[in-house]
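Have a look at the structure below before the remarks.
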Number of protein chains: 2
Amino acid sequence: MMVTIYDIAKQAGCSAMTVSRVINNTGRISDETRQRVLDIMKEMNYVPNAMARSLVKQESRILSLLITDITNPFYTSLARGAEDAARELGYRLLLANSDEELAKEKEYIDTVLSARVDGVLFAPAGDASLPNLKRLRKQNLPFVLIDREVPGIECDMVLGDSKEGAKRLTSHLIEQGHARIALLGGSRGVSTARARQAGYEETLQLSGLPYREEYVAESHYRAGEIARHVKRLMALPEPPTALFAANNFLALGAIRALRDQGLRVPEDVAVVCFDELEAGFVLDPFMTVAAQPAYDFGVLGIRLLVDRIQGKAAEDWRRVVLPPTVHLRRSSGGT
Amino acid sequence: MMVTIYDIAKQAGCSAMTVSRVINNTGRISDETRQRVLDIMKEMNYVPNAMARSLVKQESRILSLLITDITNPFYTSLARGAEDAARELGYRLLLANSDEELAKEKEYIDTVLSARVDGVLFAPAGDASLPNLKRLRKQNLPFVLIDREVPGIECDMVLGDSKEGAKRLTSHLIEQGHARIALLGGSRGVSTARARQAGYEETLQLSGLPYREEYVAESHYRAGEIARHVKRLMALPEPPTALFAANNFLALGAIRALRDQGLRVPEDVAVVCFDELEAGFVLDPFMTVAAQPAYDFGVLGIRLLVDRIQGKAAEDWRRVVLPPTVHLRRSSGGT
DNA sequence: TATTATTGGGTTATCGATAACTCTAAACTA
DNA sequence: TAGTTTAGAGTTATCGATAACCCAATAATA
């Protein structure tokens, strides 16, 4: 249907190979022939067929970005960074959302393998993503993990310093005078959730505060579940006066649940969390957060990936850790 | 490098064509042969090469989503809808941000033509995108416009009812007692900006309010420019008491500028705008907006596109118009 | 002048799949 | 029993490009 190099060649009175050479600027071509071919290409609106080229070159110049949900502001910014970096490096970007479902993740792994993308920037659902990663590894497809690491697989990664961020948030609450601090944690099957919990525990200990089992909840992301956990926490004989939510979604759910119970934030309960609640500029951010440089996660992730693809990376796996920035705001009485 | 049907064929002692038939469930294959081939495919971790298939089938099963900026909450949700719909229909999605720059848009058009995507879901920068659209049309590549239409091109589109939304927002301000309402409009080279201005003007007229030239500003998205416009408006002998911003970004910039001048919203100036300021759930939305069903924009856009690609669409161009929902909130004293 | 390089290409095979056609043996039919 | 179907494959060409090798004419060199 579309114009091919053979059509161009016929018009120009040369071989397809000559056209290919003009396109790629390889081999020896006389200026005269080159110009003739270029003119005809323009005239006929020739557009090279990247798939045909990919087939013989064994590279597609397509990368895949597999995240859990583009509407999570962290991933929104990350995706933007990834796209910008990919474009700059001459790659296109295939987007997919896994919703933290392993089945979707697996399905998508099949898709990218089939599409012969050159690499995958991958935010895994959690430790259970291991088989999916092994699948990529077995097929020799380069990938870079972002945000979460997965025990059992060695690879390049771009992570945040979850433990450090958790320490700072917890310290902040303690400095605000809180002694009864609850943790609304994410699934223990996710590396960041574990690190955040570790930071929380360690900070309590260093501050001489008791670690209380009953102050720790492990919640999935369903709103109902969050509300149940919050309810239980606030019904304790000594209810917490502050809540550390392990991520933005949990924090939103928690504040909703608190309000539903007639509790005010921060007057009755202070709340802090990981990750911003919004992607772009926002008017009056309410939540005290440990914000991560999401855009940079995307940019660096793509760069690591492309380095690896192009064989420019050192043999050893690289592990980039980006520090979070704590923003003190109203939700913790921080301002 | 990766396993091909020829490798499978050799192992199974049959021809490549037989393997292809098993994969596609076409032709006649004995159960015995089929099972043998399937077993070997699994054993050897065979993954079909979608590019090779695309080359001969003349379809890639890839769609392209070209938006202005994924971090704009409207496009964040739209992208999610598009991806969900694409997946459901068996397509992959290539993502790109144009930043409303025609050059980036053009560059990306070249990319998708070269990638031989099956279609493009396209949020154009504005009327000036016409040549880019004509390029797609000339190459016979199906596309669907989203959010904005472009005079001079006929095609499928999914639009919001900008005029109606503008009317409702303006009416709301009038009902709140405002008589001096300014419009901070977008570029007149964008269809939605024109429609919103039309709705604004019409509503003023119907309400017997004068249309004042000096109350209308046309601003691009640079923060400095927004601030300058706001400054001018508020320095008028009779400054406006309410401001209708044509989109979320303008509204943000306007509120910033107002605050920098020591003006409070909504006490000194009420502000309303088109589109939500955030993509997902948010705690206490402040802005009175005409919200558009962004997710549905994406889903419907992809469906129109795929219908068109698969020849299931009626010959006539379809134009889907989705109504906005007005949310009355604090920024206009609406609640 | 004879020989070697270089220029400016062309030819053929290949990437990994599918379309379209062919072919053979067994089954079925008249 | 001879002819016709049909099941179950195989063969070859093709999609649109590039890699690798080849080749004639001209230019440079001994």
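Residues in the structure tokens are named by chain (A, B, ... in the order shown) and by number from 1 within that chain; ligands are numbered from 1 in the order shown.
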
Can you write out as a Markdown table which residues of chain D fall within 8 Å of chain A, alongside each residue's closest atom pair and its distance in Å to one decimal, counting only C-alpha atoms (C1' of nucleotides) and ordering rows by chain and ascending residue number?
| residue | atom | partner | partner_atom | distance |
| --- | --- | --- | --- | --- |
| D:DG16 | C1' | A:Ala52 | CA | 5.0 |
| D:DA17 | C1' | A:Arg53 | CA | 4.8 |
| D:DT18 | C1' | A:Val56 | CA | 6.2 |

Just list as a ChimeraX atom specification whatever in region 39-230 of chain B DSSP marks as strand (DSSP E or B).
/B:62-67,92-97,119-122,143-146,156-160,181-185,216-218

Please produce an output containing C-alpha atoms for each residue in the selection, written as an mmCIF file, in the first residue's frame.
data_model
loop_
_atom_site.group_PDB
_atom_site.id
_atom_site.type_symbol
_atom_site.label_atom_id
_atom_site.label_comp_id
_atom_site.auth_asym_id
_atom_site.auth_seq_id
_atom_site.Cartn_x
_atom_site.Cartn_y
_atom_site.Cartn_z
ATOM 1 C CA ILE B 62 -0.206 -1.040 17.580
ATOM 2 C CA LEU B 63 -2.025 2.243 18.068
ATOM 3 C CA SER B 64 -0.497 5.549 18.886
ATOM 4 C CA LEU B 65 -1.683 8.025 21.479
ATOM 5 C CA LEU B 66 -0.429 11.500 20.797
ATOM 6 C CA ILE B 67 -1.345 13.978 23.499
ATOM 7 C CA ARG B 92 -0.795 -2.072 22.119
ATOM 8 C CA LEU B 93 -0.356 1.610 22.724
ATOM 9 C CA LEU B 94 2.535 3.868 21.829
ATOM 10 C CA LEU B 95 2.665 7.055 23.904
ATOM 11 C CA ALA B 96 3.932 10.503 22.971
ATOM 12 C CA ASN B 97 3.748 14.037 24.343
ATOM 13 C CA GLY B 119 -4.073 4.231 13.814
ATOM 14 C CA VAL B 120 -3.551 7.368 15.844
ATOM 15 C CA LEU B 121 -5.577 8.856 18.673
ATOM 16 C CA PHE B 122 -4.606 12.453 18.378
ATOM 17 C CA PHE B 143 -6.904 8.744 13.102
ATOM 18 C CA VAL B 144 -9.397 10.066 15.602
ATOM 19 C CA LEU B 145 -9.193 13.547 17.043
ATOM 20 C CA ILE B 146 -9.759 13.958 20.743
ATOM 21 C CA ASP B 156 -13.898 10.931 13.535
ATOM 22 C CA MET B 157 -13.683 12.849 16.780
ATOM 23 C CA VAL B 158 -14.463 12.737 20.457
ATOM 24 C CA LEU B 159 -15.067 16.173 21.864
ATOM 25 C CA GLY B 160 -16.357 17.791 24.990
ATOM 26 C CA ILE B 181 -16.606 38.480 34.822
ATOM 27 C CA ALA B 182 -13.307 38.220 33.022
ATOM 28 C CA LEU B 183 -12.282 35.489 30.618
ATOM 29 C CA LEU B 184 -8.775 34.158 30.719
ATOM 30 C CA GLY B 185 -8.932 32.332 27.437
ATOM 31 C CA VAL B 216 -11.045 39.174 27.779
ATOM 32 C CA ALA B 217 -7.470 37.915 27.705
ATOM 33 C CA GLU B 218 -5.903 35.385 25.385
#

DSSP on the backbone: what in region 23-116 of chain B comes out alpha helix (DSSP H), as a PyMOL selection string?
chain B and resi 23-24+31-43+50-57+73-88+102-115

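Atom pair C1' of DT12 (chain D) / CA of Cys14 (chain B): separated by 16.2 Å.
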
Neighbours of chain A in chain C at 9 Å, counting only C-alpha atoms (C1' of nucleotides), as a PDB file with C-alpha atoms (C1' of nucleotides), in the first residue's frame:
ATOM      1  C1'  DT C   7      34.147   4.782  -7.143  1.00  0.00           C
ATOM      2  C1'  DG C   8      29.484   3.774  -7.703  1.00  0.00           C
ATOM      3  C1'  DG C   9      26.786   0.958  -7.788  1.00  0.00           C
ATOM      4  C1'  DG C  10      24.074  -4.083  -8.560  1.00  0.00           C
ATOM      5  C1'  DT C  14      18.114 -13.030   4.831  1.00  0.00           C
ATOM      6  C1'  DC C  15      15.187 -11.442   8.891  1.00  0.00           C
ATOM      7  C1'  DG C  16      10.406 -14.481  10.653  1.00  0.00           C
TER       8       DG C  16
END

Spatial neighbours of Val326 (chain A), 12 Å, only C-alpha atoms (C1' of nucleotides), chain gap at least 2 places, as a ChimeraX atom specification:
/A:161-162,164-172,272-276,287-293,323-324,328-329,332,334

Output the contact residues of chain B with respect to chain A at a cut-off of 9 Å, based on only C-alpha atoms, as a PyMOL selection string.
chain B and resi 1-2+45+47-52+54-55+58+60+64+69-73+76-77+79-80+83-84+87+92-97+110-111+113-116+138-140+249+252+255-256+277-284+286

Requested write-out: N, CA and C atoms of the selected residues, as a short mmCIF file (atom, residue, chain, number, x, y, z; two decimals), in the first residue's frame:
data_model
loop_
_atom_site.label_atom_id
_atom_site.label_comp_id
_atom_site.auth_asym_id
_atom_site.auth_seq_id
_atom_site.Cartn_x
_atom_site.Cartn_y
_atom_site.Cartn_z
N MET B 1 18.41 -15.00 17.14
CA MET B 1 18.66 -15.11 18.57
C MET B 1 17.52 -15.87 19.26
N MET B 2 16.34 -15.33 19.11
CA MET B 2 15.20 -15.99 19.74
C MET B 2 14.72 -17.14 18.86
N ASN B 45 10.25 -22.34 24.74
CA ASN B 45 9.89 -20.95 25.07
C ASN B 45 9.70 -20.08 23.83
N VAL B 47 8.24 -17.53 21.37
CA VAL B 47 7.38 -16.35 21.37
C VAL B 47 7.31 -15.84 19.95
N PRO B 48 6.12 -15.76 19.38
CA PRO B 48 6.01 -15.33 17.98
C PRO B 48 6.58 -13.94 17.78
N ASN B 49 7.12 -13.71 16.63
CA ASN B 49 7.69 -12.41 16.30
C ASN B 49 6.61 -11.55 15.63
N ALA B 50 6.08 -10.63 16.43
CA ALA B 50 4.95 -9.83 15.94
C ALA B 50 5.36 -8.95 14.75
N MET B 51 6.62 -8.59 14.69
CA MET B 51 7.02 -7.71 13.59
C MET B 51 7.03 -8.45 12.26
N ALA B 52 7.51 -9.67 12.32
CA ALA B 52 7.50 -10.47 11.09
C ALA B 52 6.06 -10.67 10.63
N SER B 54 3.52 -8.78 11.33
CA SER B 54 2.98 -7.49 10.88
C SER B 54 3.39 -7.20 9.44
N LEU B 55 4.62 -7.54 9.15
CA LEU B 55 5.15 -7.22 7.83
C LEU B 55 4.32 -7.88 6.74
N GLN B 58 0.43 -6.80 7.06
CA GLN B 58 0.17 -5.38 6.84
C GLN B 58 -0.69 -4.77 7.93
N SER B 60 -0.09 -3.86 12.35
CA SER B 60 0.86 -3.99 13.46
C SER B 60 0.18 -4.26 14.79
N SER B 64 -1.31 4.50 18.31
CA SER B 64 -0.50 5.55 18.89
C SER B 64 -1.38 6.58 19.58
N ASP B 69 0.40 16.47 26.88
CA ASP B 69 1.22 16.28 28.08
C ASP B 69 0.52 15.32 29.03
N ILE B 70 1.15 14.21 29.25
CA ILE B 70 0.53 13.19 30.10
C ILE B 70 0.36 13.69 31.53
N THR B 71 1.13 14.67 31.95
CA THR B 71 0.98 15.14 33.33
C THR B 71 -0.19 16.11 33.50
N ASN B 72 -0.79 16.53 32.38
CA ASN B 72 -2.04 17.27 32.51
C ASN B 72 -3.11 16.26 32.91
N PRO B 73 -3.75 16.48 34.07
CA PRO B 73 -4.66 15.46 34.60
C PRO B 73 -5.74 15.01 33.61
N THR B 76 -3.99 12.48 31.60
CA THR B 76 -3.63 11.31 32.39
C THR B 76 -4.78 10.31 32.39
N SER B 77 -5.96 10.81 32.72
CA SER B 77 -7.12 9.91 32.75
C SER B 77 -7.45 9.41 31.36
N ALA B 79 -5.45 8.89 28.93
CA ALA B 79 -4.48 7.87 28.53
C ALA B 79 -4.82 6.54 29.18
N ARG B 80 -5.26 6.60 30.41
CA ARG B 80 -5.62 5.36 31.08
C ARG B 80 -6.80 4.70 30.38
N GLU B 83 -5.60 3.21 27.12
CA GLU B 83 -4.82 1.98 27.26
C GLU B 83 -5.74 0.80 27.60
N ASP B 84 -6.68 1.03 28.50
CA ASP B 84 -7.60 -0.04 28.86
C ASP B 84 -8.37 -0.52 27.63
N ARG B 87 -6.07 -2.39 25.12
CA ARG B 87 -5.75 -3.74 25.57
C ARG B 87 -6.93 -4.67 25.31
N ARG B 92 -1.74 -2.71 21.22
CA ARG B 92 -0.80 -2.07 22.12
C ARG B 92 -0.81 -0.57 21.86
N LEU B 93 -0.25 0.16 22.82
CA LEU B 93 -0.36 1.61 22.72
C LEU B 93 1.01 2.28 22.82
N LEU B 94 1.30 3.09 21.84
CA LEU B 94 2.53 3.87 21.83
C LEU B 94 2.19 5.26 22.34
N LEU B 95 3.00 5.78 23.27
CA LEU B 95 2.66 7.05 23.90
C LEU B 95 3.60 8.17 23.47
N ALA B 96 3.06 9.36 23.25
CA ALA B 96 3.93 10.50 22.97
C ALA B 96 3.31 11.80 23.44
N ASN B 97 4.16 12.70 23.90
CA ASN B 97 3.75 14.04 24.34
C ASN B 97 4.25 15.08 23.35
N ASP B 110 5.92 11.47 11.86
CA ASP B 110 6.87 10.67 11.08
C ASP B 110 7.15 9.33 11.76
N THR B 111 7.33 9.41 13.06
CA THR B 111 7.62 8.19 13.80
C THR B 111 6.51 7.16 13.66
N LEU B 113 4.18 6.94 11.40
CA LEU B 113 4.05 6.46 10.03
C LEU B 113 5.10 5.39 9.77
N SER B 114 6.29 5.66 10.23
CA SER B 114 7.38 4.72 10.04
C SER B 114 7.13 3.42 10.81
N ALA B 115 6.58 3.56 12.00
CA ALA B 115 6.31 2.37 12.82
C ALA B 115 5.14 1.57 12.27
N ARG B 116 4.46 2.10 11.29
CA ARG B 116 3.30 1.43 10.69
C ARG B 116 2.26 1.06 11.74
N LYS B 138 -3.03 11.74 3.94
CA LYS B 138 -2.43 11.39 2.65
C LYS B 138 -1.87 9.98 2.66
N GLN B 139 -1.33 9.60 3.82
CA GLN B 139 -0.77 8.25 3.92
C GLN B 139 -1.86 7.24 4.26
N ASN B 140 -3.09 7.76 4.35
CA ASN B 140 -4.20 6.83 4.54
C ASN B 140 -4.18 6.15 5.91
N PHE B 249 -4.83 24.64 33.56
CA PHE B 249 -3.51 25.23 33.71
C PHE B 249 -3.59 26.74 33.85
N LEU B 252 -4.75 27.56 37.39
CA LEU B 252 -3.68 27.48 38.38
C LEU B 252 -2.81 28.72 38.33
N ILE B 255 -4.64 31.78 39.73
CA ILE B 255 -4.77 31.85 41.19
C ILE B 255 -3.44 32.22 41.81
N ARG B 256 -2.39 31.65 41.29
CA ARG B 256 -1.06 32.02 41.76
C ARG B 256 -0.84 33.52 41.63
N LEU B 277 -8.36 19.78 38.20
CA LEU B 277 -6.94 20.07 38.42
C LEU B 277 -6.15 18.82 38.78
N GLU B 278 -6.84 17.74 39.07
CA GLU B 278 -6.17 16.51 39.45
C GLU B 278 -6.79 15.35 38.68
N ALA B 279 -5.98 14.29 38.55
CA ALA B 279 -6.46 13.16 37.77
C ALA B 279 -7.28 12.19 38.61
N GLY B 280 -6.77 11.81 39.75
CA GLY B 280 -7.43 10.76 40.52
C GLY B 280 -8.30 11.32 41.61
N PHE B 281 -8.39 10.56 42.67
CA PHE B 281 -9.11 11.05 43.82
C PHE B 281 -8.28 12.15 44.45
N VAL B 282 -8.95 13.04 45.11
CA VAL B 282 -8.21 14.09 45.78
C VAL B 282 -9.02 14.44 47.01
N LEU B 283 -8.35 15.02 47.99
CA LEU B 283 -9.02 15.20 49.26
C LEU B 283 -10.09 16.28 49.23
N ASP B 284 -9.65 17.51 49.08
CA ASP B 284 -10.60 18.61 49.18
C ASP B 284 -10.49 19.49 47.96
N PHE B 286 -10.66 22.22 45.44
CA PHE B 286 -10.93 23.61 45.75
C PHE B 286 -11.66 24.31 44.61
#

Fewer than 5 positions away in the same chain doesn't count, so skip those; otherwise give me all residues within 12 Å of DA20 (chain D), counting only C-alpha atoms (C1' of nucleotides), as a list in words.
DT11, DT12, DA13 and DT14 of chain C

Between CA of Phe297 (chain A) and CA of His220 (chain A), what is the distance, to one decimal in Å?
24.0 Å

Just the number, please: distance in Å from CA of Arg228 (chain B) to CA of Gln205 (chain B), one decimal.
27.2 Å
